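The structure file work.txt is reproduced below (compact mmCIF, C-alpha atoms).
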# COMPACT_ATOMS: atom_id res chain seq x y z
CA MET A 293 0.00 0.00 0.00
CA GLU A 294 1.32 3.41 -0.92
CA LYS A 295 1.95 5.55 2.13
CA SER A 296 -0.01 8.76 2.49
CA LYS A 297 1.63 12.10 1.86
CA VAL A 298 1.61 14.14 5.05
CA LEU A 299 1.51 17.89 5.75
CA ILE A 300 2.64 18.94 9.23
CA LEU A 301 1.81 22.36 10.67
CA GLY A 302 3.85 23.51 13.67
CA GLY A 303 6.73 21.30 12.49
CA THR A 304 9.42 23.20 14.39
CA GLY A 305 7.57 22.99 17.72
CA TYR A 306 8.06 20.76 20.74
CA LEU A 307 5.93 17.92 19.39
CA GLY A 308 5.96 18.99 15.74
CA LYS A 309 9.65 18.34 15.19
CA ARG A 310 9.19 14.80 16.53
CA LEU A 311 6.24 14.23 14.19
CA VAL A 312 8.37 15.33 11.22
CA LYS A 313 11.18 12.98 12.24
CA SER A 314 8.79 10.06 12.72
CA SER A 315 6.95 10.73 9.45
CA LEU A 316 10.23 10.76 7.50
CA ALA A 317 11.51 7.66 9.33
CA ASN A 318 8.32 5.82 8.37
CA GLY A 319 8.76 6.61 4.68
CA HIS A 320 5.97 9.15 4.27
CA ASP A 321 6.39 11.92 1.74
CA THR A 322 6.51 14.72 4.31
CA TYR A 323 5.58 18.36 3.74
CA ILE A 324 6.12 21.05 6.38
CA LEU A 325 4.25 24.31 6.47
CA GLN A 326 6.60 27.28 6.60
CA ARG A 327 4.95 30.57 7.43
CA PRO A 328 6.29 33.64 5.59
CA GLN A 329 6.25 35.64 8.84
CA ILE A 330 9.31 33.84 10.19
CA GLY A 331 11.27 37.10 10.61
CA VAL A 332 14.78 36.54 11.95
CA ASP A 333 14.03 33.40 13.94
CA ILE A 334 17.32 31.77 12.97
CA GLU A 335 16.71 28.60 15.02
CA LYS A 336 13.47 27.93 13.16
CA VAL A 337 15.12 28.61 9.81
CA GLU A 338 17.92 26.17 10.64
CA MET A 339 15.40 23.53 11.67
CA PHE A 340 13.52 23.93 8.37
CA ILE A 341 16.77 23.60 6.42
CA SER A 342 17.74 20.51 8.39
CA PHE A 343 14.33 18.91 7.65
CA LYS A 344 14.79 19.73 3.97
CA MET A 345 18.19 18.04 3.99
CA GLN A 346 16.55 14.96 5.51
CA GLY A 347 14.10 14.80 2.60
CA ALA A 348 11.10 16.88 3.71
CA HIS A 349 9.42 19.40 1.40
CA LEU A 350 8.84 22.95 2.65
CA VAL A 351 5.56 24.63 1.68
CA THR A 352 5.07 28.33 2.23
CA ALA A 353 1.57 29.16 3.44
CA SER A 354 -0.07 31.31 6.06
CA PHE A 355 -3.14 31.16 8.26
CA ASN A 356 -3.90 34.70 7.03
CA ASP A 357 -3.94 33.58 3.38
CA HIS A 358 -6.77 31.13 2.70
CA ARG A 359 -5.65 30.40 -0.88
CA SER A 360 -2.14 29.42 0.23
CA LEU A 361 -3.57 27.04 2.85
CA VAL A 362 -5.87 25.37 0.31
CA ASP A 363 -2.94 24.95 -2.12
CA ALA A 364 -0.76 23.43 0.61
CA VAL A 365 -3.50 20.99 1.65
CA LYS A 366 -4.02 19.89 -1.97
CA LEU A 367 -0.45 18.55 -2.09
CA VAL A 368 -1.09 15.79 0.46
CA ASP A 369 -3.48 13.12 1.77
CA VAL A 370 -3.18 13.71 5.50
CA VAL A 371 -2.85 16.89 7.58
CA ILE A 372 -1.38 16.89 11.10
CA CYS A 373 -1.56 20.09 13.11
CA ALA A 374 0.79 20.49 16.06
CA ILE A 375 0.46 24.20 16.74
CA SER A 376 0.74 25.07 20.41
CA GLY A 377 -2.25 24.77 22.67
CA VAL A 378 -0.40 24.94 25.97
CA HIS A 379 -1.82 27.83 27.97
CA ILE A 380 1.52 28.35 29.73
CA ARG A 381 3.35 28.93 26.43
CA SER A 382 1.34 30.18 23.48
CA HIS A 383 -2.21 29.36 22.60
CA HIS A 384 -3.31 29.15 18.98
CA ILE A 385 -5.89 26.36 18.96
CA LEU A 386 -8.67 28.38 17.26
CA LEU A 387 -6.40 29.26 14.32
CA GLN A 388 -7.23 25.73 13.19
CA LEU A 389 -10.72 26.87 12.19
CA LYS A 390 -9.02 28.49 9.15
CA LEU A 391 -7.34 25.18 8.41
CA VAL A 392 -10.68 23.35 8.67
CA ASP A 393 -12.09 25.77 6.06
CA ALA A 394 -9.11 25.10 3.76
CA ILE A 395 -9.40 21.31 4.16
CA LYS A 396 -13.13 21.50 3.46
CA GLU A 397 -12.57 23.50 0.28
CA ALA A 398 -9.65 21.36 -0.94
CA GLY A 399 -11.84 18.26 -0.59
CA ASN A 400 -8.99 15.75 -0.95
CA ILE A 401 -7.93 15.02 2.64
CA LYS A 402 -8.26 11.43 3.82
CA ARG A 403 -7.49 12.24 7.45
CA PHE A 404 -7.00 15.30 9.66
CA PHE A 405 -5.22 15.13 13.01
CA PRO A 406 -5.96 18.45 14.78
CA SER A 407 -3.75 19.78 17.55
CA GLU A 408 -4.90 17.62 20.45
CA PHE A 409 -2.26 15.32 21.97
CA GLY A 410 -3.11 16.11 25.60
CA THR A 411 -5.99 14.98 27.78
CA ASP A 412 -9.22 14.15 25.94
CA PRO A 413 -11.09 17.52 25.98
CA ALA A 414 -14.42 15.71 25.64
CA ARG A 415 -13.92 14.50 29.23
CA MET A 416 -12.84 17.85 30.66
CA GLU A 417 -16.09 19.74 31.10
CA ASN A 418 -15.21 20.18 34.80
CA ALA A 419 -11.68 21.49 34.19
CA MET A 420 -10.48 24.60 36.02
CA GLU A 421 -8.91 27.75 34.61
CA PRO A 422 -6.30 28.48 33.31
CA GLY A 423 -6.18 25.17 31.44
CA ARG A 424 -9.89 25.19 30.78
CA VAL A 425 -9.62 27.44 27.72
CA THR A 426 -7.50 24.83 25.91
CA PHE A 427 -10.13 22.13 26.34
CA ASP A 428 -13.01 24.42 25.35
CA ASP A 429 -11.21 25.63 22.21
CA LYS A 430 -10.32 22.08 21.17
CA MET A 431 -14.00 21.15 21.39
CA VAL A 432 -14.89 24.12 19.14
CA VAL A 433 -12.40 22.82 16.56
CA ARG A 434 -13.74 19.26 16.84
CA LYS A 435 -17.29 20.49 16.23
CA ALA A 436 -16.14 22.34 13.09
CA ILE A 437 -14.29 19.24 11.79
CA GLU A 438 -17.26 16.97 12.35
CA GLU A 439 -19.77 19.44 10.89
CA ALA A 440 -17.59 19.77 7.78
CA GLY A 441 -17.56 15.99 7.40
CA ILE A 442 -13.75 15.85 7.47
CA PRO A 443 -12.30 12.39 8.32
CA PHE A 444 -10.31 12.70 11.56
CA THR A 445 -8.29 11.03 14.27
CA TYR A 446 -7.92 12.71 17.67
CA VAL A 447 -4.80 11.69 19.58
CA SER A 448 -5.10 11.83 23.37
CA ALA A 449 -1.65 11.40 24.89
CA ASN A 450 -2.43 12.51 28.45
CA CYS A 451 0.69 13.84 30.20
CA PHE A 452 3.79 14.75 28.21
CA ALA A 453 6.72 13.12 30.00
CA GLY A 454 8.97 16.18 29.64
CA TYR A 455 6.52 18.47 31.42
CA PHE A 456 5.31 16.07 34.10
CA LEU A 457 8.02 13.52 34.91
CA GLY A 458 10.83 16.06 34.75
CA GLY A 459 9.32 18.04 37.60
CA LEU A 460 8.12 14.96 39.52
CA CYS A 461 4.53 16.02 38.65
CA GLN A 462 4.88 19.42 40.34
CA ILE A 463 3.31 22.19 38.30
CA GLY A 464 5.88 24.75 37.17
CA HIS A 465 8.90 22.43 37.52
CA ILE A 466 10.57 20.56 34.67
CA LEU A 467 13.72 19.26 36.37
CA PRO A 468 13.62 16.82 39.29
CA SER A 469 15.07 17.90 42.61
CA THR A 470 17.45 15.59 44.46
CA ASP A 471 16.34 17.05 47.82
CA SER A 472 12.60 17.58 48.14
CA VAL A 473 9.23 17.25 46.48
CA VAL A 474 5.74 18.64 47.06
CA LEU A 475 3.03 15.97 46.81
CA LEU A 476 -0.30 17.05 45.37
CA GLY A 477 -3.01 15.96 47.78
CA ASP A 478 -2.11 12.46 48.97
CA GLY A 479 0.01 11.90 45.86
CA ASN A 480 -1.94 8.75 44.97
CA GLN A 481 -3.93 10.03 41.99
CA LYS A 482 -2.95 8.00 38.92
CA ALA A 483 -1.95 9.68 35.68
CA ILE A 484 -0.56 8.49 32.34
CA TYR A 485 2.87 9.66 31.19
CA VAL A 486 4.00 9.36 27.58
CA ASN A 487 7.40 10.11 26.09
CA GLU A 488 6.96 12.75 23.39
CA ASP A 489 8.89 10.65 20.84
CA ASP A 490 6.42 7.82 21.46
CA ILE A 491 3.48 10.19 20.94
CA ALA A 492 4.91 10.96 17.49
CA THR A 493 5.51 7.27 16.73
CA TYR A 494 1.95 6.24 17.59
CA THR A 495 0.46 9.22 15.71
CA ILE A 496 2.32 8.40 12.50
CA LYS A 497 1.36 4.71 12.80
CA ALA A 498 -2.31 5.72 12.93
CA ILE A 499 -2.22 7.73 9.68
CA ASP A 500 -3.11 4.92 7.28
CA ASP A 501 -4.80 2.65 9.83
CA PRO A 502 -8.54 2.20 9.13
CA ARG A 503 -9.04 1.22 12.80
CA THR A 504 -8.34 4.79 13.92
CA LEU A 505 -10.54 6.56 11.36
CA ASN A 506 -13.02 8.99 12.98
CA LYS A 507 -11.93 7.84 16.42
CA THR A 508 -9.90 9.02 19.38
CA LEU A 509 -6.57 7.22 19.77
CA TYR A 510 -5.80 7.03 23.49
CA LEU A 511 -2.15 6.57 24.47
CA ARG A 512 -2.04 4.52 27.65
CA PRO A 513 1.22 2.60 27.90
CA PRO A 514 0.32 0.13 30.69
CA LYS A 515 3.61 0.52 32.63
CA ASN A 516 3.26 4.30 32.66
CA ILE A 517 -0.02 4.62 34.55
CA LEU A 518 1.39 5.78 37.88
CA SER A 519 0.66 8.05 40.81
CA GLN A 520 2.93 10.95 41.76
CA ARG A 521 4.16 8.90 44.73
CA GLU A 522 5.13 6.06 42.40
CA VAL A 523 6.99 8.46 40.10
CA VAL A 524 8.84 9.89 43.11
CA GLN A 525 9.75 6.37 44.28
CA ILE A 526 11.22 5.55 40.87
CA TRP A 527 13.33 8.73 41.05
CA GLU A 528 14.43 7.99 44.62
CA LYS A 529 15.53 4.51 43.55
CA LEU A 530 17.52 5.98 40.65
CA ILE A 531 19.34 8.54 42.82
CA GLY A 532 19.66 6.21 45.82
CA LYS A 533 18.23 8.76 48.21
CA GLU A 534 14.90 9.62 49.82
CA LEU A 535 13.43 13.06 49.13
CA LYS A 536 11.95 15.33 51.80
CA LYS A 537 8.19 15.41 51.21
CA SER A 538 5.64 18.11 51.92
CA THR A 539 2.05 18.25 50.69
CA LEU A 540 -0.28 20.72 49.04
CA SER A 541 -3.86 20.10 50.06
CA LYS A 542 -6.34 19.45 47.25
CA GLU A 543 -7.95 22.85 47.87
CA GLU A 544 -4.66 24.61 47.27
CA PHE A 545 -3.93 23.25 43.84
CA LEU A 546 -7.50 22.48 42.66
CA ALA A 547 -6.37 19.17 41.21
CA PRO A 548 -4.45 20.42 38.17
CA MET A 549 -3.46 16.78 37.68
CA LYS A 550 -7.11 15.87 37.36
CA GLY A 551 -6.58 16.52 33.69
CA CYS A 552 -4.85 13.19 33.24
CA LEU A 553 -7.72 10.79 33.53
CA ALA A 554 -6.45 7.28 33.92
CA ASN A 555 -9.54 5.35 34.76
CA PHE A 556 -12.36 5.64 32.21
CA GLU A 557 -13.49 2.92 29.82
CA ILE A 558 -12.60 3.48 26.18
CA GLY A 559 -15.85 3.13 24.24
CA GLU A 560 -16.77 2.47 20.60
CA ASP A 561 -15.38 5.84 19.54
CA GLY A 562 -11.85 5.14 20.76
CA GLU A 563 -8.89 2.80 20.43
CA GLU A 564 -5.87 2.28 22.68
CA ALA A 565 -2.48 2.72 21.01
CA SER A 566 -0.33 0.16 22.84
CA THR A 567 -2.96 -2.50 22.04
CA LEU A 568 -3.18 -1.54 18.35
CA TYR A 569 0.60 -1.29 17.95
CA PRO A 570 2.21 -3.81 20.30
CA GLU A 571 5.37 -3.67 18.17
CA VAL A 572 6.17 -0.18 19.50
CA LYS A 573 8.64 -0.50 22.37
CA TYR A 574 7.48 2.52 24.31
CA THR A 575 9.68 4.29 26.86
CA THR A 576 8.80 3.42 30.45
CA VAL A 577 8.80 6.05 33.19
CA GLU A 578 11.94 4.54 34.71
CA GLN A 579 13.81 4.57 31.38
CA TYR A 580 12.70 8.15 30.81
CA MET A 581 13.81 9.37 34.26
CA LYS A 582 17.38 8.14 33.69
CA ARG A 583 18.00 11.17 31.44
CA TYR A 584 18.01 13.41 34.53
CA LEU A 585 20.73 11.52 36.40
Produce structure tokens that represent the structure in this file.
Amino acid sequence: MEKSKVLILGGTGYLGKRLVKSSLANGHDTYILQRPQIGVDIEKVEMFISFKMQGAHLVTASFNDHRSLVDAVKLVDVVICAISGVHIRSHHILLQLKLVDAIKEAGNIKRFFPSEFGTDPARMENAMEPGRVTFDDKMVVRKAIEEAGIPFTYVSANCFAGYFLGGLCQIGHILPSTDSVVLLGDGNQKAIYVNEDDIATYTIKAIDDPRTLNKTLYLRPPKNILSQREVVQIWEKLIGKELKKSTLSKEEFLAPMKGCLANFEIGEDGEEASTLYPEVKYTTVEQYMKRYL
């Protein structure tokens, strides 16, 4: 079977660059959207050039230029959007409505993967601010995709390892301390941690898979469903030392970790990635944590 041609938006971003690498490694003809308003962002320019040297095609198009978006979309079979939706960095989720319009007009796309990749927003109606806006906006985009009749796959990867494991699940920390840790509540709430490279691997595997068409692909590597206490224990074992522990009561942090829901049943409208693709040797939490030693 001929592999789909793929267009990636946000290809120089945190997850985007991994998607590009995985798409190329899997033999997909890979196109990367390059926005003309790049200015003097030399690091981005160098990343684009490096992708080109690895065999990717660069396509100039802009969210402000509908025609250019339609033309870019017409070059490929599958569109993956990885523009940032992290409220602590930059938040562009609703820009995708312009992309939905372009995909609808182009009429040739076999699959659209919008910028999701976090917790399933359909299960986050009780989320708190500031993260709430991300979930609400993603639902607006989903509604537009489904109303336009565009074939889709939503990827729900729960907690990015780099953001959560690095800081031992403490909000606002991305490097683990060798002295102390603050436990959220009793520290026993389970969450699911996924290495960002694995998120890209599973996403690219789903592109031409009929089992993931018009479904949510949940990433739940079985060994990585752990509580904060369990993550801390893994780190303590690696450094050979016990950390000083203090706690934040639930009221104080309003369960920001509640976003990573580890315990619902996946229904008819979803599939689980490690079950669909058992050949992927995903990174376990312990393997991941070794990078910080």
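The space between atom CA of Ile558 of chain A and atom CA of Gln520 of chain A spans 23.2 Å.
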Subject >> Best match for closeness to Lys582 of chain A among A:Ile372, A:Leu518, A:Cys451, A:Leu530, counting all atoms listed in the file >> reply: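 Between A:Ile372, A:Leu518, A:Cys451, A:Leu530, the residue approaching Lys582 of chain A most closely is A:Leu530.
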**OP:** Provide the atom CA of Ile401 of chain A to atom CA of Thr493 of chain A distance in Å, to one decimal place.
**Re:** 21.0 Å
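Distances to Met345 of chain A were evaluated for A:Lys536, A:Arg415, A:Lys313, A:Lys295 using all atoms listed in the file, and the minimum falls at A:Lys313.
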**OP:** Could you check how far atom CA of Gln579 of chain A sits from atom CA of His320 of chain A, in Å to one decimal?
**Re:**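 Answer for the atom CA of Gln579 of chain A to atom CA of His320 of chain A separation: 28.6 Å.
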Original post:
Using all atoms listed in the file, which residues sit within 9 Å of segment 387-392 of chain A once same-chain residues fewer than 6 positions away are excluded, as a ChimeraX atom specification?
Top reply: /A:355-356,358,361-362,365,373,375,404,406-407,432-433,436-437,440,442
Please write as a PDB file with C-alpha atoms, in the frame of the given file the list of polymer residues whose atoms come within 12 Å of (-8.8, 13.4, 20.8), counting only C-alpha atoms and keeping to the coordinates of the file.
ATOM      1  CA  PHE A 404      -7.000  15.300   9.660  1.00  0.00           C
ATOM      2  CA  PHE A 405      -5.220  15.130  13.010  1.00  0.00           C
ATOM      3  CA  PRO A 406      -5.960  18.450  14.780  1.00  0.00           C
ATOM      4  CA  SER A 407      -3.750  19.780  17.550  1.00  0.00           C
ATOM      5  CA  GLU A 408      -4.900  17.620  20.450  1.00  0.00           C
ATOM      6  CA  PHE A 409      -2.260  15.320  21.970  1.00  0.00           C
ATOM      7  CA  GLY A 410      -3.110  16.110  25.600  1.00  0.00           C
ATOM      8  CA  THR A 411      -5.990  14.980  27.780  1.00  0.00           C
ATOM      9  CA  ASP A 412      -9.220  14.150  25.940  1.00  0.00           C
ATOM     10  CA  PRO A 413     -11.090  17.520  25.980  1.00  0.00           C
ATOM     11  CA  ALA A 414     -14.420  15.710  25.640  1.00  0.00           C
ATOM     12  CA  ARG A 415     -13.920  14.500  29.230  1.00  0.00           C
ATOM     13  CA  MET A 416     -12.840  17.850  30.660  1.00  0.00           C
ATOM     14  CA  PHE A 427     -10.130  22.130  26.340  1.00  0.00           C
ATOM     15  CA  LYS A 430     -10.320  22.080  21.170  1.00  0.00           C
ATOM     16  CA  MET A 431     -14.000  21.150  21.390  1.00  0.00           C
ATOM     17  CA  VAL A 433     -12.400  22.820  16.560  1.00  0.00           C
ATOM     18  CA  ARG A 434     -13.740  19.260  16.840  1.00  0.00           C
ATOM     19  CA  LYS A 435     -17.290  20.490  16.230  1.00  0.00           C
ATOM     20  CA  PHE A 444     -10.310  12.700  11.560  1.00  0.00           C
ATOM     21  CA  THR A 445      -8.290  11.030  14.270  1.00  0.00           C
ATOM     22  CA  TYR A 446      -7.920  12.710  17.670  1.00  0.00           C
ATOM     23  CA  VAL A 447      -4.800  11.690  19.580  1.00  0.00           C
ATOM     24  CA  SER A 448      -5.100  11.830  23.370  1.00  0.00           C
ATOM     25  CA  ALA A 449      -1.650  11.400  24.890  1.00  0.00           C
ATOM     26  CA  ASN A 450      -2.430  12.510  28.450  1.00  0.00           C
ATOM     27  CA  THR A 495       0.460   9.220  15.710  1.00  0.00           C
ATOM     28  CA  THR A 504      -8.340   4.790  13.920  1.00  0.00           C
ATOM     29  CA  LEU A 505     -10.540   6.560  11.360  1.00  0.00           C
ATOM     30  CA  ASN A 506     -13.020   8.990  12.980  1.00  0.00           C
ATOM     31  CA  LYS A 507     -11.930   7.840  16.420  1.00  0.00           C
ATOM     32  CA  THR A 508      -9.900   9.020  19.380  1.00  0.00           C
ATOM     33  CA  LEU A 509      -6.570   7.220  19.770  1.00  0.00           C
ATOM     34  CA  TYR A 510      -5.800   7.030  23.490  1.00  0.00           C
ATOM     35  CA  LEU A 511      -2.150   6.570  24.470  1.00  0.00           C
ATOM     36  CA  ILE A 558     -12.600   3.480  26.180  1.00  0.00           C
ATOM     37  CA  ASP A 561     -15.380   5.840  19.540  1.00  0.00           C
ATOM     38  CA  GLY A 562     -11.850   5.140  20.760  1.00  0.00           C
ATOM     39  CA  GLU A 563      -8.890   2.800  20.430  1.00  0.00           C
ATOM     40  CA  GLU A 564      -5.870   2.280  22.680  1.00  0.00           C
TER      41      GLU A 564
END
**OP:** Find the residues near Thr322 of chain A: any atom within 12 Å, counting all atoms listed in the file, skip ones fewer than 4 places away on the same chain, and give them as number ranges by chain.
**Re:** A: 295-301, 303, 309, 311-318, 343-344, 346-351, 364, 367-372, 496
Can you write out the residues you just picked, keeping C-alpha atoms, as a CSV table (one decimal), in the frame of the given file?
chain,number,residue,atom,x,y,z
A,295,LYS,CA,2.0,5.6,2.1
A,296,SER,CA,0.0,8.8,2.5
A,297,LYS,CA,1.6,12.1,1.9
A,298,VAL,CA,1.6,14.1,5.0
A,299,LEU,CA,1.5,17.9,5.8
A,300,ILE,CA,2.6,18.9,9.2
A,301,LEU,CA,1.8,22.4,10.7
A,303,GLY,CA,6.7,21.3,12.5
A,309,LYS,CA,9.6,18.3,15.2
A,311,LEU,CA,6.2,14.2,14.2
A,312,VAL,CA,8.4,15.3,11.2
A,313,LYS,CA,11.2,13.0,12.2
A,314,SER,CA,8.8,10.1,12.7
A,315,SER,CA,7.0,10.7,9.4
A,316,LEU,CA,10.2,10.8,7.5
A,317,ALA,CA,11.5,7.7,9.3
A,318,ASN,CA,8.3,5.8,8.4
A,343,PHE,CA,14.3,18.9,7.6
A,344,LYS,CA,14.8,19.7,4.0
A,346,GLN,CA,16.6,15.0,5.5
A,347,GLY,CA,14.1,14.8,2.6
A,348,ALA,CA,11.1,16.9,3.7
A,349,HIS,CA,9.4,19.4,1.4
A,350,LEU,CA,8.8,23.0,2.6
A,351,VAL,CA,5.6,24.6,1.7
A,364,ALA,CA,-0.8,23.4,0.6
A,367,LEU,CA,-0.4,18.6,-2.1
A,368,VAL,CA,-1.1,15.8,0.5
A,369,ASP,CA,-3.5,13.1,1.8
A,370,VAL,CA,-3.2,13.7,5.5
A,371,VAL,CA,-2.8,16.9,7.6
A,372,ILE,CA,-1.4,16.9,11.1
A,496,ILE,CA,2.3,8.4,12.5
Original post:
Pick from A:Val473, A:Ala453, A:Leu460, A:Ala353: nearest to Glu488 of chain A, with all atoms listed in the file counted?
Top reply: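 Going through A:Val473, A:Ala453, A:Leu460, A:Ala353 one by one, the smallest distance to Glu488 of chain A is for A:Ala453.
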Using only the atoms of segment 565-584 of chain A listed in the file, plus 8 Å on each side, state the axis-aligned box centre and edge lengths in Å rounded to one decimal, as AutoDock Vina command-line options.
--center_x 7.4 --center_y 4.8 --center_z 26.3 --size_x 37.2 --size_y 33.2 --size_z 32.8
**OP:** Identify, on the basis of all atoms listed in the file, every residue whose closest approach to Phe452 of chain A does not exceed 7 Å; exclude the query and any residue fewer than 6 positions from it along the same chain; express the result as an MDAnalysis selection string.
**Re:** chainID A and resid 485:488
Preceding selection exported with C-alpha atoms as a compact mmCIF listing (two decimals), in the frame of the given file:
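Result file is again.txt:
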# COMPACT_ATOMS: atom_id res chain seq x y z
CA TYR A 485 2.87 9.66 31.19
CA VAL A 486 4.00 9.36 27.58
CA ASN A 487 7.40 10.11 26.09
CA GLU A 488 6.96 12.75 23.39
Subject >> For Glu439 of chain A, the nearest of the candidates A:Lys396, A:Met293, A:Thr576, A:Asp357, counting only C-alpha atoms >> reply: A:Lys396
Segment 346-357 of chain A rebuilt with N, CA and C atoms, output as a PDB file, keeping the file's coordinate frame:
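That gives us result.pdb:
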ATOM      1  N   GLN A 346      16.924  16.351   5.196  1.00  0.00           N
ATOM      2  CA  GLN A 346      16.550  14.960   5.510  1.00  0.00           C
ATOM      3  C   GLN A 346      15.471  14.437   4.561  1.00  0.00           C
ATOM      4  N   GLY A 347      15.049  15.284   3.612  1.00  0.00           N
ATOM      5  CA  GLY A 347      14.100  14.800   2.600  1.00  0.00           C
ATOM      6  C   GLY A 347      12.700  15.377   2.682  1.00  0.00           C
ATOM      7  N   ALA A 348      12.438  16.282   3.631  1.00  0.00           N
ATOM      8  CA  ALA A 348      11.100  16.880   3.710  1.00  0.00           C
ATOM      9  C   ALA A 348      10.948  17.992   2.668  1.00  0.00           C
ATOM     10  N   HIS A 349       9.701  18.298   2.313  1.00  0.00           N
ATOM     11  CA  HIS A 349       9.420  19.400   1.400  1.00  0.00           C
ATOM     12  C   HIS A 349       8.876  20.573   2.224  1.00  0.00           C
ATOM     13  N   LEU A 350       9.364  21.771   1.939  1.00  0.00           N
ATOM     14  CA  LEU A 350       8.840  22.950   2.650  1.00  0.00           C
ATOM     15  C   LEU A 350       7.779  23.620   1.779  1.00  0.00           C
ATOM     16  N   VAL A 351       6.657  23.968   2.404  1.00  0.00           N
ATOM     17  CA  VAL A 351       5.560  24.630   1.680  1.00  0.00           C
ATOM     18  C   VAL A 351       5.280  25.950   2.368  1.00  0.00           C
ATOM     19  N   THR A 352       5.355  27.026   1.631  1.00  0.00           N
ATOM     20  CA  THR A 352       5.070  28.330   2.230  1.00  0.00           C
ATOM     21  C   THR A 352       3.571  28.595   2.183  1.00  0.00           C
ATOM     22  N   ALA A 353       2.998  28.835   3.343  1.00  0.00           N
ATOM     23  CA  ALA A 353       1.570  29.160   3.440  1.00  0.00           C
ATOM     24  C   ALA A 353       1.340  29.856   4.769  1.00  0.00           C
ATOM     25  N   SER A 354       0.210  30.546   4.856  1.00  0.00           N
ATOM     26  CA  SER A 354      -0.070  31.310   6.060  1.00  0.00           C
ATOM     27  C   SER A 354      -1.525  31.168   6.467  1.00  0.00           C
ATOM     28  N   PHE A 355      -1.761  31.212   7.754  1.00  0.00           N
ATOM     29  CA  PHE A 355      -3.140  31.160   8.260  1.00  0.00           C
ATOM     30  C   PHE A 355      -3.930  32.385   7.808  1.00  0.00           C
ATOM     31  N   ASN A 356      -3.209  33.473   7.458  1.00  0.00           N
ATOM     32  CA  ASN A 356      -3.900  34.700   7.030  1.00  0.00           C
ATOM     33  C   ASN A 356      -4.192  34.677   5.539  1.00  0.00           C
ATOM     34  N   ASP A 357      -3.767  33.623   4.834  1.00  0.00           N
ATOM     35  CA  ASP A 357      -3.940  33.580   3.380  1.00  0.00           C
ATOM     36  C   ASP A 357      -4.627  32.261   3.020  1.00  0.00           C
TER      37      ASP A 357
END
